[in-house]
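Have a look at input-v1.csv below; it lists CSV, C-alpha atoms and all ligand atoms.
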chain,number,residue,atom,x,y,z
A,30,MET,CA,32.7,5.8,-17.4
A,31,GLN,CA,33.5,2.1,-16.9
A,32,ASN,CA,33.2,0.2,-13.7
A,33,ASP,CA,33.8,-3.3,-15.0
A,34,THR,CA,37.2,-3.7,-13.5
A,35,ALA,CA,36.6,-1.8,-10.2
A,36,GLN,CA,37.5,-3.8,-7.2
A,37,PRO,CA,36.0,-3.2,-3.8
A,38,ALA,CA,38.3,-2.1,-1.0
A,39,GLY,CA,39.5,-4.9,1.3
A,40,ASN,CA,39.4,-8.7,0.8
A,41,ARG,CA,36.6,-9.7,3.0
A,42,VAL,CA,33.2,-9.8,1.3
A,43,ARG,CA,30.7,-7.6,3.1
A,44,GLY,CA,27.1,-8.0,2.0
A,45,ARG,CA,24.0,-6.4,3.4
A,46,LEU,CA,20.3,-6.9,4.0
A,47,ALA,CA,18.6,-3.6,3.6
A,48,PRO,CA,14.9,-3.8,4.3
A,49,SER,CA,12.5,-0.8,4.3
A,50,PRO,CA,10.1,-1.0,7.2
A,51,THR,CA,7.1,0.0,5.2
A,52,GLY,CA,5.2,-3.3,5.6
A,53,HIS,CA,5.7,-7.0,6.4
A,54,ILE,CA,8.2,-8.9,4.2
A,55,HIS,CA,6.8,-11.3,1.7
A,56,LEU,CA,8.1,-14.2,-0.3
A,57,GLY,CA,9.8,-11.9,-2.8
A,58,ASN,CA,11.7,-10.1,-0.1
A,59,ALA,CA,12.6,-13.5,1.4
A,60,TRP,CA,14.0,-14.6,-1.9
A,61,ALA,CA,16.2,-11.6,-2.2
A,62,PHE,CA,17.4,-11.6,1.4
A,63,LEU,CA,18.1,-15.4,1.2
A,64,MET,CA,20.3,-15.0,-1.9
A,65,ALA,CA,22.0,-11.9,-0.5
A,66,TRP,CA,22.8,-13.8,2.7
A,67,LEU,CA,24.0,-16.9,0.8
A,68,ALA,CA,26.2,-14.8,-1.5
A,69,ALA,CA,28.0,-13.3,1.5
A,70,ARG,CA,28.2,-16.4,3.7
A,71,SER,CA,29.4,-18.6,0.8
A,72,ALA,CA,32.3,-16.2,0.4
A,73,GLU,CA,32.9,-16.5,4.1
A,74,GLY,CA,31.9,-12.9,4.3
A,75,GLU,CA,30.1,-10.7,6.7
A,76,VAL,CA,26.5,-9.7,6.7
A,77,VAL,CA,25.3,-6.2,7.7
A,78,LEU,CA,21.6,-5.5,8.4
A,79,ARG,CA,20.6,-1.9,7.7
A,80,MET,CA,17.1,-0.6,8.3
A,81,GLU,CA,16.2,1.7,5.5
A,82,ASP,CA,13.7,3.9,7.4
A,83,ILE,CA,14.6,7.1,5.6
A,84,ASP,CA,11.1,8.0,4.6
A,85,PRO,CA,9.2,9.0,7.8
A,86,ASP,CA,5.9,9.0,6.1
A,87,ARG,CA,6.1,5.3,5.1
A,88,SER,CA,8.4,3.7,7.8
A,89,ARG,CA,7.0,2.3,11.0
A,90,PRO,CA,9.0,0.9,13.9
A,91,GLU,CA,6.6,-2.0,14.4
A,92,PHE,CA,7.5,-3.2,10.8
A,93,ALA,CA,11.2,-2.8,11.6
A,94,ASP,CA,10.8,-5.1,14.6
A,95,ALA,CA,8.7,-7.6,12.7
A,96,ILE,CA,11.2,-7.7,9.8
A,97,LEU,CA,14.1,-8.5,12.2
A,98,ARG,CA,12.0,-11.3,13.7
A,99,ASP,CA,10.9,-12.7,10.4
A,100,LEU,CA,14.4,-12.8,9.0
A,101,ARG,CA,15.7,-14.6,12.1
A,102,TRP,CA,12.8,-17.0,11.9
A,103,LEU,CA,13.8,-17.7,8.3
A,104,GLY,CA,17.2,-18.7,9.6
A,105,LEU,CA,19.3,-15.7,8.5
A,106,ASP,CA,21.7,-13.9,10.8
A,107,TRP,CA,23.9,-10.8,10.6
A,108,ASP,CA,27.1,-9.7,12.2
A,109,GLU,CA,26.2,-6.0,12.5
A,110,GLY,CA,22.8,-4.4,12.7
A,111,PRO,CA,20.4,-2.3,14.7
A,112,ASP,CA,19.8,-5.0,17.3
A,113,VAL,CA,23.4,-6.3,17.5
A,114,GLY,CA,25.4,-3.1,17.0
A,115,GLY,CA,28.8,-3.0,15.2
A,116,ALA,CA,31.6,-0.8,14.3
A,117,HIS,CA,29.8,1.0,11.4
A,118,GLY,CA,26.6,2.1,13.1
A,119,PRO,CA,24.1,3.5,13.5
A,120,TYR,CA,22.3,0.9,11.4
A,121,GLU,CA,19.1,2.8,10.9
A,122,GLN,CA,19.0,5.5,8.2
A,123,SER,CA,16.8,7.7,10.4
A,124,ALA,CA,19.9,8.0,12.7
A,125,ARG,CA,22.3,9.0,9.9
A,126,LEU,CA,20.7,12.2,8.6
A,127,GLU,CA,23.6,14.4,9.5
A,128,ARG,CA,25.9,12.3,7.2
A,129,TYR,CA,23.5,12.7,4.3
A,130,ALA,CA,23.2,16.5,4.9
A,131,ALA,CA,27.0,16.9,5.0
A,132,ALA,CA,27.4,14.9,1.7
A,133,VAL,CA,24.7,16.9,0.0
A,134,GLU,CA,26.4,20.1,1.1
A,135,GLY,CA,29.6,18.9,-0.5
A,136,LEU,CA,27.9,18.2,-3.8
A,137,GLU,CA,26.2,21.6,-3.7
A,138,ARG,CA,29.5,23.3,-3.0
A,139,ALA,CA,31.1,21.5,-5.9
A,140,GLY,CA,28.3,22.8,-8.2
A,141,LEU,CA,27.0,19.3,-8.8
A,142,ALA,CA,23.5,19.8,-7.4
A,143,TYR,CA,20.8,22.3,-8.1
A,144,PRO,CA,17.4,23.3,-6.6
A,145,CYS,CA,14.3,22.0,-8.4
A,146,PHE,CA,11.1,23.9,-8.0
A,147,CYS,CA,9.0,21.7,-10.3
A,148,THR,CA,5.7,20.7,-8.6
A,149,ARG,CA,4.4,17.2,-8.4
A,150,LYS,CA,1.8,18.2,-11.0
A,151,GLU,CA,4.5,19.5,-13.4
A,152,LEU,CA,6.5,16.3,-12.9
A,153,ARG,CA,3.4,14.2,-13.5
A,154,GLY,CA,2.9,16.2,-16.7
A,155,LEU,CA,6.2,14.7,-17.9
A,156,ALA,CA,4.3,11.4,-18.2
A,157,SER,CA,3.7,12.1,-21.8
A,158,ALA,CA,7.3,12.9,-22.5
A,159,PRO,CA,10.1,10.4,-23.3
A,160,HIS,CA,10.5,7.6,-20.7
A,161,ALA,CA,13.5,6.1,-19.0
A,162,GLY,CA,14.2,2.4,-19.3
A,163,ASP,CA,12.1,1.6,-16.2
A,164,GLY,CA,9.1,3.5,-17.6
A,165,SER,CA,9.5,6.6,-15.4
A,166,PRO,CA,9.6,10.0,-17.0
A,167,ILE,CA,13.0,11.5,-17.8
A,168,TYR,CA,13.6,14.8,-15.9
A,169,PRO,CA,14.2,17.3,-18.7
A,170,GLY,CA,16.5,19.6,-16.7
A,171,THR,CA,13.9,22.4,-16.4
A,172,CYS,CA,15.3,23.9,-13.2
A,173,LEU,CA,19.0,23.4,-14.2
A,174,ARG,CA,18.4,26.2,-16.7
A,175,LEU,CA,16.9,28.6,-14.1
A,176,GLY,CA,19.0,31.7,-13.7
A,177,ALA,CA,20.3,32.9,-10.3
A,178,GLU,CA,17.7,35.6,-10.2
A,179,GLU,CA,14.8,33.3,-10.9
A,180,ARG,CA,16.0,30.9,-8.2
A,181,GLU,CA,16.2,33.8,-5.7
A,182,GLY,CA,12.8,34.9,-6.7
A,183,LEU,CA,11.2,31.5,-6.1
A,184,LEU,CA,13.0,31.1,-2.8
A,185,ARG,CA,11.7,34.6,-1.7
A,186,GLN,CA,8.2,33.4,-2.5
A,187,GLY,CA,8.7,30.7,0.0
A,188,ARG,CA,8.9,27.9,-2.5
A,189,ARG,CA,10.8,24.9,-1.0
A,190,PRO,CA,12.9,23.2,-3.7
A,191,ALA,CA,14.0,19.6,-4.0
A,192,LEU,CA,17.7,19.2,-4.8
A,193,ARG,CA,18.8,17.3,-7.9
A,194,LEU,CA,22.1,15.9,-9.0
A,195,SER,CA,23.4,17.2,-12.3
A,196,CYS,CA,24.1,13.9,-14.0
A,197,GLY,CA,25.4,15.0,-17.4
A,198,GLN,CA,25.0,12.8,-20.5
A,199,GLY,CA,27.5,10.1,-19.6
A,200,GLU,CA,27.1,6.3,-19.9
A,201,LEU,CA,27.8,3.8,-17.1
A,202,ALA,CA,28.7,0.2,-17.6
A,203,PHE,CA,29.0,-2.5,-15.0
A,204,HIS,CA,29.1,-6.2,-14.8
A,205,ASP,CA,26.2,-7.6,-12.9
A,206,LEU,CA,26.9,-10.9,-11.2
A,207,VAL,CA,23.5,-12.3,-12.2
A,208,ALA,CA,22.2,-10.2,-15.0
A,209,GLY,CA,25.6,-10.0,-16.9
A,210,PRO,CA,27.1,-6.9,-18.6
A,211,GLN,CA,25.0,-3.7,-18.3
A,212,ARG,CA,25.3,-0.3,-20.0
A,213,PHE,CA,23.0,2.7,-19.4
A,214,THR,CA,22.9,6.3,-20.2
A,215,MET,CA,21.8,8.6,-17.4
A,216,ALA,CA,18.7,9.4,-19.5
A,217,ASP,CA,17.9,5.6,-19.4
A,218,CYS,CA,17.8,6.1,-15.7
A,219,GLY,CA,15.5,9.1,-15.6
A,220,GLY,CA,18.1,11.9,-16.0
A,221,ASP,CA,19.0,14.3,-13.1
A,222,PHE,CA,17.7,12.6,-10.0
A,223,ALA,CA,16.7,13.9,-6.6
A,224,LEU,CA,19.1,13.9,-3.7
A,225,ARG,CA,16.6,15.4,-1.3
A,226,ARG,CA,12.9,15.9,-1.7
A,227,SER,CA,11.2,19.3,-1.3
A,228,ASP,CA,10.1,18.2,2.2
A,229,GLY,CA,13.7,17.7,3.2
A,230,VAL,CA,13.7,13.9,3.1
A,231,PHE,CA,16.9,12.6,1.6
A,232,ALA,CA,16.5,10.3,-1.4
A,233,TYR,CA,17.1,6.6,-1.3
A,234,GLN,CA,19.9,6.9,-4.0
A,235,LEU,CA,21.9,9.1,-1.8
A,236,ALA,CA,21.4,7.4,1.5
A,237,VAL,CA,22.1,3.9,0.1
A,238,VAL,CA,25.4,4.9,-1.4
A,239,LEU,CA,26.6,6.8,1.6
A,240,ASP,CA,25.6,3.9,3.9
A,241,ASP,CA,27.2,1.2,1.7
A,242,MET,CA,30.4,3.3,1.5
A,243,GLU,CA,30.6,3.9,5.2
A,244,MET,CA,29.7,0.3,6.1
A,245,ASN,CA,32.4,-1.0,3.7
A,246,ILE,CA,29.9,-3.0,1.7
A,247,THR,CA,31.6,-4.8,-1.1
A,248,GLN,CA,28.6,-6.8,-2.5
A,249,VAL,CA,25.1,-5.6,-3.2
A,250,VAL,CA,22.5,-8.3,-4.0
A,251,ARG,CA,19.0,-7.1,-4.5
A,252,GLY,CA,15.9,-7.4,-6.8
A,253,ASP,CA,16.2,-6.3,-10.4
A,254,ASP,CA,13.5,-3.8,-9.9
A,255,ILE,CA,16.4,-1.6,-8.7
A,256,LEU,CA,18.6,-2.2,-11.7
A,257,THR,CA,18.2,1.3,-13.2
A,258,SER,CA,19.1,2.8,-9.8
A,259,THR,CA,22.5,1.2,-10.0
A,260,PRO,CA,24.0,3.6,-12.6
A,261,ARG,CA,22.8,6.5,-10.5
A,262,GLN,CA,24.4,5.0,-7.5
A,263,LEU,CA,27.6,4.3,-9.5
A,264,LEU,CA,27.7,7.9,-10.5
A,265,LEU,CA,27.6,8.9,-6.9
A,266,TYR,CA,30.4,6.6,-6.0
A,267,GLU,CA,32.4,8.2,-8.7
A,268,LEU,CA,31.7,11.7,-7.4
A,269,PHE,CA,32.5,10.7,-3.8
A,270,GLY,CA,35.7,9.1,-5.1
A,271,ALA,CA,34.9,5.7,-3.5
A,272,PRO,CA,35.2,2.2,-5.1
A,273,PRO,CA,31.7,0.8,-5.8
A,274,PRO,CA,30.6,-2.6,-4.6
A,275,ARG,CA,29.9,-5.4,-6.9
A,276,HIS,CA,26.2,-5.8,-7.9
A,277,ALA,CA,23.9,-8.7,-8.4
A,278,HIS,CA,20.3,-8.0,-9.5
A,279,LEU,CA,18.0,-11.0,-9.0
A,280,PRO,CA,15.0,-11.8,-11.0
A,281,LEU,CA,11.8,-10.9,-9.2
A,282,VAL,CA,9.2,-13.2,-7.7
A,283,LEU,CA,5.8,-12.8,-9.3
A,284,ASP,CA,2.4,-14.0,-8.3
A,285,ALA,CA,0.3,-16.4,-10.4
A,286,ASP,CA,-0.9,-13.5,-12.6
A,287,GLY,CA,2.6,-12.3,-13.3
A,288,GLU,CA,2.4,-9.3,-10.9
A,289,ARG,CA,5.2,-8.3,-8.7
A,290,LEU,CA,4.6,-9.1,-5.1
A,291,ALA,CA,3.7,-6.0,-3.2
A,292,LYS,CA,2.2,-5.0,0.1
A,293,ARG,CA,-1.3,-6.0,-1.1
A,294,HIS,CA,-0.2,-9.6,-1.2
A,295,ASP,CA,-1.0,-10.0,2.5
A,296,SER,CA,-1.4,-13.7,2.3
A,297,LEU,CA,2.2,-14.1,1.0
A,298,THR,CA,3.9,-12.3,3.9
A,299,LEU,CA,6.1,-14.5,6.1
A,300,ALA,CA,3.9,-13.6,9.0
A,301,ALA,CA,0.7,-14.8,7.3
A,302,LEU,CA,2.4,-17.9,6.0
A,303,ARG,CA,3.7,-18.7,9.5
A,304,ASP,CA,0.2,-18.2,10.9
A,305,ALA,CA,-1.1,-20.6,8.2
A,306,GLY,CA,1.2,-23.3,9.5
A,307,VAL,CA,4.0,-22.9,7.0
A,308,SER,CA,7.5,-23.6,8.3
A,309,ALA,CA,10.6,-21.5,7.6
A,310,PRO,CA,12.6,-24.5,6.1
A,311,ALA,CA,9.7,-25.1,3.7
A,312,ILE,CA,9.9,-21.5,2.5
A,313,VAL,CA,13.7,-21.6,2.2
A,314,GLY,CA,13.6,-25.0,0.5
A,315,TYR,CA,10.9,-23.9,-2.0
A,316,LEU,CA,12.8,-20.7,-2.9
A,317,ALA,CA,16.1,-22.7,-3.1
A,318,TRP,CA,14.4,-25.1,-5.5
A,319,ARG,CA,13.1,-22.3,-7.7
A,320,GLY,CA,16.6,-20.8,-7.6
A,321,GLY,CA,18.1,-24.1,-8.9
A,322,LEU,CA,20.0,-24.6,-5.7
A,323,VAL,CA,18.4,-28.0,-4.8
A,324,ASP,CA,16.8,-30.6,-7.0
A,325,SER,CA,13.4,-30.9,-5.4
A,326,PRO,CA,11.3,-28.8,-3.1
A,327,ARG,CA,11.9,-30.0,0.4
A,328,PRO,CA,12.5,-28.3,3.8
A,329,VAL,CA,16.1,-26.8,4.0
A,330,LEU,CA,17.9,-24.5,6.3
A,331,PRO,CA,19.8,-21.5,4.8
A,332,ARG,CA,23.1,-22.8,6.2
A,333,GLU,CA,22.7,-26.1,4.4
A,334,LEU,CA,22.8,-24.1,1.1
A,335,VAL,CA,26.0,-22.2,1.8
A,336,ALA,CA,28.5,-24.7,0.4
A,337,GLY,CA,28.5,-24.5,-3.4
A,338,PHE,CA,26.3,-21.5,-3.6
A,339,ASP,CA,27.0,-19.4,-6.7
A,340,LEU,CA,25.0,-16.4,-7.9
A,341,SER,CA,25.7,-17.3,-11.5
A,342,LEU,CA,23.6,-20.4,-11.0
A,343,LEU,CA,20.4,-18.4,-10.4
A,344,PRO,CA,17.8,-18.1,-13.1
A,345,ARG,CA,17.6,-14.9,-15.1
A,346,GLU,CA,13.9,-15.0,-15.6
A,347,ALA,CA,11.3,-14.0,-13.0
A,348,VAL,CA,10.1,-16.7,-10.6
A,349,ARG,CA,6.3,-17.1,-11.0
A,350,LEU,CA,4.5,-18.6,-8.0
A,351,PRO,CA,1.7,-21.0,-8.4
A,352,ALA,CA,-1.8,-19.7,-7.3
A,353,ASP,CA,-1.9,-22.2,-4.4
A,354,ILE,CA,1.6,-21.4,-3.2
A,355,ALA,CA,0.5,-21.3,0.5
A,356,GLY,CA,-0.9,-24.8,0.1
A,357,VAL,CA,2.3,-26.0,-1.7
A,358,LEU,CA,4.5,-24.6,1.1
A,359,ALA,CA,2.2,-26.0,3.9
A,360,ALA,CA,2.4,-29.5,2.3
A,361,LEU,CA,6.2,-29.4,2.4
A,362,GLY,CA,6.2,-29.7,6.1
B,401,LIG,N1,15.5,-0.7,1.0
B,401,LIG,C1,15.3,-1.1,-0.4
B,401,LIG,C2,14.1,-1.9,-0.5
B,401,LIG,O1,13.6,-2.5,0.5
B,401,LIG,C3,16.5,-1.9,-0.9
B,401,LIG,C4,17.6,-1.1,-1.3
B,401,LIG,C5,18.8,-1.8,-1.8
B,401,LIG,O2,18.9,-3.0,-1.7
B,401,LIG,O3,19.6,-1.1,-2.4
B,401,LIG,O4,13.5,-2.0,-1.6
Starting from the coordinates I provided, produce the structure as structure tokens.
Amino acid sequence: MQNDTAQPAGNRVRGRLAPSPTGHIHLGNAWAFLMAWLAARSAEGEVVLRMEDIDPDRSRPEFADAILRDLRWLGLDWDEGPDVGGAHGPYEQSARLERYAAAVEGLERAGLAYPCFCTRKELRGLASAPHAGDGSPIYPGTCLRLGAEEREGLLRQGRRPALRLSCGQGELAFHDLVAGPQRFTMADCGGDFALRRSDGVFAYQLAVVLDDMEMNITQVVRGDDILTSTPRQLLLYELFGAPPPRHAHLPLVLDADGERLAKRHDSLTLAALRDAGVSAPAIVGYLAWRGGLVDSPRPVLPRELVAGFDLSLLPREAVRLPADIAGVLAALG
């Protein structure tokens, strides 16, 4: 399977910002959203904002509102989204569940998906088994081998299965606009992956592909923590018979200790930095400087970076922040 030469439908670049409203956005999110926005705008393309609130346990409406506010404060805009509407809505995943259900039924009917009764404990037990490229366990296909009778028996006992995609042993190759040529086996990516959890929540992999397809997204720019999701998503494009978008996976932003920024980095959220007196142009200018887009750290507006922006100019190594980053940003003005 080769996607190197696949061209997205249509001529107009359509990029997207796809935040998950599970917390406030931090400098790492700002980095990825800024670059995704610049990649679309520098190609005179459109930007779609999609709220990825698929997981009801983790998503909160107040975070969704705060994220929209923070992104606008940063100086980013979008042509379609939950707050501005558009021709490809709804733009919240929680409002798109029927589409996911229909697609999953199609995959089941085609014999491409199977119920998985493995418990969390059993899956955790796989931790000692071989690992995928991103360190997660490879699903060994236990439930693929269940006979019809065993499946029926488990269902009769009231067990609620997850649903997995039968991925096969294929390889997927694609050309990443930042990370360069990529090639993965499905085992590298964890093997047969879930389309729907046992509690009925649809999986990120499924939702993101269906949404990007239906929203005519031609360019996906995101952090390289998602790199091993891309082959899984490309496989879904293939099964749905849709042309995939082009992908760019950006190096991550790390704290001074080399840790990925996460929700616990409260002081590095845009909200906290703003409260500490940091300006949006200081954040944009600092990130642009670390991305090699400007020569020195100075306040800049996103639109000032559009001309001449090129994803291939971005660094390939992680961006490590200094320990006193809040002070550095505040001093920029
Ligand atoms: N919603 C995902 C996140 O916030 C991003 C998914 C994507 O860009 O494909 O991590």
Contact table chain A vs ligand LIG 401 (chain B), cut-off 7 Å, shortest pair per residue, all atoms listed in the file, as CSV:
residue,atom,partner,partner_atom,distance
A:Ala47,CA,B:LIG401,N1,5.0
A:Pro48,CA,B:LIG401,O1,4.2
A:Ser49,CA,B:LIG401,O1,4.3
A:Glu81,CA,B:LIG401,N1,5.1
A:Val237,CA,B:LIG401,O3,6.1
A:Val249,CA,B:LIG401,O2,6.9
A:Val250,CA,B:LIG401,O2,6.8
A:Arg251,CA,B:LIG401,O2,5.0
Per residue of range 123-169 of chain A within 7 Å of range 191-197 of chain A, which atom pair is closest and at what distance in Å (one decimal), using all atoms listed in the file, listed by chain and increasing number, as JSON lines?
{"residue": "A:Leu141", "atom": "CA", "partner": "A:Ser195", "partner_atom": "CA", "distance": 5.4}
{"residue": "A:Ala142", "atom": "CA", "partner": "A:Leu194", "partner_atom": "CA", "distance": 4.4}
{"residue": "A:Tyr143", "atom": "CA", "partner": "A:Arg193", "partner_atom": "CA", "distance": 5.4}
{"residue": "A:Pro144", "atom": "CA", "partner": "A:Leu192", "partner_atom": "CA", "distance": 4.5}
{"residue": "A:Cys145", "atom": "CA", "partner": "A:Ala191", "partner_atom": "CA", "distance": 5.0}
{"residue": "A:Phe146", "atom": "CA", "partner": "A:Ala191", "partner_atom": "CA", "distance": 6.5}
(request) Find the residues around Gly356 in chain A up to 10 Å (only C-alpha atoms counted), leave out those fewer than 2 positions away in its own chain, and share them as a PyMOL selection string. (result) chain A and resi 302+305-307+351-354+358-361
Any chance you could tabulate, as CSV, the residues of range 267-333 of chain A at most 8 Å from range 56-77 of chain A with each one's nearest atom pair and distance in Å to one decimal, using all atoms listed in the file, in chain and rising number order?
residue,atom,partner,partner_atom,distance
A:Leu279,CA,A:Ala61,CA,7.1
A:Leu281,CA,A:Gly57,CA,6.8
A:Val282,CA,A:Gly57,CA,5.1
A:Leu283,CA,A:Gly57,CA,7.7
A:Leu290,CA,A:Gly57,CA,6.3
A:Leu297,CA,A:Leu56,CA,6.0
A:Thr298,CA,A:Leu56,CA,6.2
A:Leu299,CA,A:Leu56,CA,6.7
A:Val313,CA,A:Leu63,CA,7.7
A:Leu316,CA,A:Trp60,CA,6.3
A:Pro331,CA,A:Leu63,CA,7.3
(request) Please indicate the distance in Å from CA of Asp221 in chain A to CA of Gly170 in chain A, rounded to one decimal place. (result)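 These atoms are spaced 6.9 Å apart.
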(message) Need the shell around range 270-275 of chain A: protein/DNA/RNA residues with any atom at most 6 Å away, counting all atoms listed in the file. Skip same-chain ones fewer than 2 positions apart. Format as a list in words?
(response)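 Near range 270-275 of chain A, the qualifying residues are Pro37, Thr247, Gln248, Tyr266, Glu267 and Leu268 of chain A.
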(request) Check the smallest atom-to-atom distance from each of A:Gly104, A:Ser227, A:Glu151, A:Ala236 to Leu126 in chain A using only C-alpha atoms, then report the winner. (result) A:Ala236
(request) Would you work out the distance separating CA of Pro85 in chain A from CA of Ala124 in chain A, expressed in Å to one decimal? (result)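 Taking CA of Pro85 in chain A and CA of Ala124 in chain A, their separation equals 11.8 Å.
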(request) Please identify all polymer residues lying at most 6 Å from the point (6.0, -16.0, -11.1) (file coordinates), using all atoms listed in the file, and present the result as a list in words. (result) Val282, Leu283, Asp284, Ala285, Gly287, Ala347, Val348, Arg349 and Leu350 of chain A
Would you mind writing range 100-111 of chain A with N, CA, C and O atoms, as a PDB file, in the coordinates of the input?
ATOM      1  N   LEU A 100      13.183 -12.319   9.635  1.00  0.00           N
ATOM      2  CA  LEU A 100      14.400 -12.800   9.000  1.00  0.00           C
ATOM      3  C   LEU A 100      15.142 -13.797   9.879  1.00  0.00           C
ATOM      4  O   LEU A 100      15.688 -14.779   9.372  1.00  0.00           O
ATOM      5  N   ARG A 101      15.102 -13.600  11.192  1.00  0.00           N
ATOM      6  CA  ARG A 101      15.700 -14.600  12.100  1.00  0.00           C
ATOM      7  C   ARG A 101      14.922 -15.905  12.038  1.00  0.00           C
ATOM      8  O   ARG A 101      15.494 -16.992  12.055  1.00  0.00           O
ATOM      9  N   TRP A 102      13.616 -15.776  11.983  1.00  0.00           N
ATOM     10  CA  TRP A 102      12.800 -17.000  11.900  1.00  0.00           C
ATOM     11  C   TRP A 102      13.124 -17.774  10.634  1.00  0.00           C
ATOM     12  O   TRP A 102      13.206 -19.003  10.653  1.00  0.00           O
ATOM     13  N   LEU A 103      13.398 -17.050   9.562  1.00  0.00           N
ATOM     14  CA  LEU A 103      13.800 -17.700   8.300  1.00  0.00           C
ATOM     15  C   LEU A 103      15.097 -18.455   8.418  1.00  0.00           C
ATOM     16  O   LEU A 103      15.369 -19.362   7.652  1.00  0.00           O
ATOM     17  N   GLY A 104      15.919 -18.043   9.376  1.00  0.00           N
ATOM     18  CA  GLY A 104      17.200 -18.700   9.600  1.00  0.00           C
ATOM     19  C   GLY A 104      18.388 -17.869   9.133  1.00  0.00           C
ATOM     20  O   GLY A 104      19.505 -18.381   9.002  1.00  0.00           O
ATOM     21  N   LEU A 105      18.152 -16.579   8.889  1.00  0.00           N
ATOM     22  CA  LEU A 105      19.300 -15.700   8.500  1.00  0.00           C
ATOM     23  C   LEU A 105      19.822 -15.014   9.733  1.00  0.00           C
ATOM     24  O   LEU A 105      19.127 -14.831  10.728  1.00  0.00           O
ATOM     25  N   ASP A 106      21.083 -14.654   9.670  1.00  0.00           N
ATOM     26  CA  ASP A 106      21.700 -13.900  10.800  1.00  0.00           C
ATOM     27  C   ASP A 106      22.556 -12.808  10.212  1.00  0.00           C
ATOM     28  O   ASP A 106      22.764 -12.729   8.997  1.00  0.00           O
ATOM     29  N   TRP A 107      23.028 -11.941  11.067  1.00  0.00           N
ATOM     30  CA  TRP A 107      23.900 -10.800  10.600  1.00  0.00           C
ATOM     31  C   TRP A 107      24.883 -10.497  11.696  1.00  0.00           C
ATOM     32  O   TRP A 107      24.664 -10.767  12.878  1.00  0.00           O
ATOM     33  N   ASP A 108      26.009  -9.969  11.261  1.00  0.00           N
ATOM     34  CA  ASP A 108      27.100  -9.700  12.200  1.00  0.00           C
ATOM     35  C   ASP A 108      27.003  -8.276  12.754  1.00  0.00           C
ATOM     36  O   ASP A 108      27.587  -7.979  13.788  1.00  0.00           O
ATOM     37  N   GLU A 109      26.347  -7.401  12.014  1.00  0.00           N
ATOM     38  CA  GLU A 109      26.200  -6.000  12.500  1.00  0.00           C
ATOM     39  C   GLU A 109      24.723  -5.625  12.131  1.00  0.00           C
ATOM     40  O   GLU A 109      24.207  -6.030  11.090  1.00  0.00           O
ATOM     41  N   GLY A 110      24.145  -4.803  12.971  1.00  0.00           N
ATOM     42  CA  GLY A 110      22.800  -4.400  12.700  1.00  0.00           C
ATOM     43  C   GLY A 110      22.190  -3.620  13.834  1.00  0.00           C
ATOM     44  O   GLY A 110      22.834  -3.492  14.882  1.00  0.00           O
ATOM     45  N   PRO A 111      20.966  -3.122  13.659  1.00  0.00           N
ATOM     46  CA  PRO A 111      20.400  -2.300  14.700  1.00  0.00           C
ATOM     47  C   PRO A 111      20.245  -2.978  16.031  1.00  0.00           C
ATOM     48  O   PRO A 111      20.351  -2.348  17.079  1.00  0.00           O
TER      49      PRO A 111
END
